[in-house]
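Shown next, in structure tokens, is the structure this report addresses.
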Amino acid sequence: MKLRLSGNLWRHRDFTRFWFSDTVSQFGSQFSGFALPVLAVLSFNATPLDIGIITALAIAPYPLLGLFVGVWADRFRKRRIMVVCNLGRMATLASVPVGYVLGTLSLTQLFAVALVTGIFSVFFDISYQAYLPILVDRGDLIEGNQKLQLSASGAQVAGPGIAGFLYQAIGGAFTVAADSIGYLVSAIMLLSVKKDEQPKVRNNADQAPDFFAEMKEGVEVVLGNRYLRMIAGATATSNLGTNMVIAVSSIFALRTLRFTTAEYGLVGSIGAVGFLAGVLVLNRITTRVGLGRILALSISMPGVFVLYPLALLGYPFAVLAGVSFIVGLSIPFYNVNQISLRQAITPDRLQGRMNATMRTIVWGTIPVGSLLGGLLGNYVGVVDTIYVGGAIAGLAGAWIALGPVIRLSRQPQPVES
């Protein structure tokens with residue numbers, strides 16, 4: 001397995017359009033992802049609990065709706081779902097600058113925007129990961145995931161820094177508008193992709209579809225597979241701890257350390273430089289270390305968040321940037337490898353439900369972590385919350401190390417569709 005910057009998919013017209021669509025939305029989402037919590041802190045004097053609620057509302061649709069959406073994604077055409085979701089997110093985010101201009105923008109509206117955007121996102125994300133194995137050949141899945149992760153890293157490198165400076169120049173509400181425009185462009189590009197699933201036609205002799213039976217099958221394919229089960233546990237644990245830290249990180253940086261929005265955005269960009277570095281050396285290191293070992297190591301790396309409070313002793317920017325770089329470096333090692341593994345060992349007809357079940361489990365701990373982090377930040381303090389969250393995140397690798405995944409040296413052969 002080697003880095004495929006010059007692989008087959010450069011000549012795949014539909015994939016390149018799909019990739020461009022993803023790249024545009026990835027860059028745009030960095031703007032709103034940065035601006036919404038900062039807007040809440042600086043304009044509405046948000047507490048740690050308020051920031052936790054914003055994050056929780058954005059993610060809550062995944063555990064609440066994910067299993068249902070997985071069945072729909074396997075029943076209907078995924079590209080059409082993605083287009084509708086991008087247009088919905090565009091309109092929802094556009095309400096922020098409109099509310100600002102009209103003088104009606106409030107913290108309550110930010111809560112509502114986070115929730116509605118999250119609902120559209122759960123439909124989009126489950127359809128998105130299930131569509132890639134249909135769009136490209138199974139042998140090109142790793143290349144496709146690498147290219148998509150490369151776009152994500154590029155957005156994360158440039159996005160937070162640009163968003164921070166843009167916030168200072170035009171304010172948070174209009175920074176969110178940039179994301180709204182990005183979703184419109186992304187939807188247009190998705191419409192230009194010609195490859196689509198064939199409509200599912202049921203013969204009269206076929207048994208009527210059973211929604212809950214199909215949902216159960218998706219749950220069983222994850223919980224009944226020893227690899228998927230351990231990956232779900234590891235990712236859920238990491239998300240729990242990491243989001244406890246995220247719930248208080250903006251307050252720690254902007255209030256405790258007195259960072260400017262530009263400095264805070266630059267910390268995120270430096271972390272994304274680590275992400276980009278991880279994408280570029282991913283295959284070389286994975287081949288040398290082994291698939292299972294690199295998964296265990298990379299999912300444990302967010303444990304370095306426990307070093308954040310060292311910023312109180314001196315060199316605060318260097319401390320936060322260094323931790324951010326290490327965490328960013330670890331993300332592609334875990335994400336590209338575990339997503340490719342999941343897609344390879346799951347038949348096409350179950351991709352949507354498998355992704356939905358995984359999302360329900362692994363994203364279900366995000367709102368819990370956000371709310372828990374916000375509550376702890378309010379009542380025991382921001383620094384202690386960072387210690388607890390970082391420690392939990394660092395324990396995630398135990399799921400990989402103590403299960404069968406650690407014994408995998410390379411990606412398995414894809415299953416038949």
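Here's how to read the names in the structure tokens: chain A, B, ... by the order shown, residue numbers from 1 in each chain, ligand numbers from 1 in the order shown.
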Proximity check region 313-392 of chain A to region 250-267 of chain A, 9 Å, nearest pairs one decimal Å, only C-alpha atoms, as CSV:
residue,atom,partner,partner_atom,distance
A:Pro316,CA,A:Leu257,CA,7.2
A:Phe317,CA,A:Val267,CA,7.4
A:Ala318,CA,A:Val267,CA,8.8
A:Leu320,CA,A:Val267,CA,6.6
A:Ala321,CA,A:Val267,CA,4.9
A:Gly322,CA,A:Val267,CA,8.6
A:Ser324,CA,A:Val267,CA,6.8
A:Phe325,CA,A:Val267,CA,8.5
A:Val382,CA,A:Phe252,CA,6.7
A:Val383,CA,A:Phe252,CA,7.9
- Any idea what's packed within 12 Å of Ile339 (chain A), counting only C-alpha atoms, ignoring anything in its chain fewer than 2 positions away? Could you give it as a ChimeraX atom specification? /A:129-130,132-133,141-146,148-149,227-228,231-232,235,295,331-337,341-346,351,354-355,358-359,411
- Message: At a cut-off of 9 Å, using only C-alpha atoms, what residues contact Thr55 (chain A)? Leave out same-chain residues fewer than 6 positions from it and give the result as a list in words.
- Response: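 Final neighbour list, sorted by chain and number: Pro37, Phe111, Ala114, Leu115, Asn243, Ile246, Ala247, Ile366, Pro367, Ser370 and Leu371 of chain A.
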- So what do you get for CA of Gly352 (chain A) versus CA of Gly70 (chain A), distance-wise? 4.8 Å
- Query: Which residues come within 9 Å of Gly328 (chain A), counting only C-alpha atoms, excluding same-chain residues fewer than 4 positions away, as a PyMOL selection string?
  - Reply: chain A and resi 153+268+270-278+302+323-324+332
Save the residues we just selected, C-alpha atoms, as a compact mmCIF listing (two decimals), in the first residue's frame?
# COMPACT_ATOMS: atom_id res chain seq x y z
CA SER A 153 -6.23 18.01 6.03
CA GLY A 268 -6.01 24.76 14.85
CA ILE A 270 -0.87 24.03 13.19
CA GLY A 271 -2.75 20.94 14.32
CA ALA A 272 -3.91 20.47 10.76
CA VAL A 273 -0.33 20.70 9.51
CA GLY A 274 0.21 17.61 11.63
CA PHE A 275 -2.86 16.08 9.99
CA LEU A 276 -1.40 16.77 6.54
CA ALA A 277 1.94 15.28 7.55
CA GLY A 278 0.13 12.18 8.76
CA PRO A 302 -5.29 12.44 21.93
CA VAL A 323 -0.37 19.32 21.42
CA SER A 324 -2.58 20.23 18.47
CA PRO A 332 -5.33 10.21 9.46
- Message: If we count only C-alpha atoms and set the cut-off at 12 Å, which residues sit around Ser29 (chain A), ignoring sequence neighbours fewer than 6 positions away in its own chain? Please answer as a ChimeraX atom specification.
- Response: /A:22-23,35-36,86,89-90,93,117,121,152,155-156,158-160,163,175-183,186
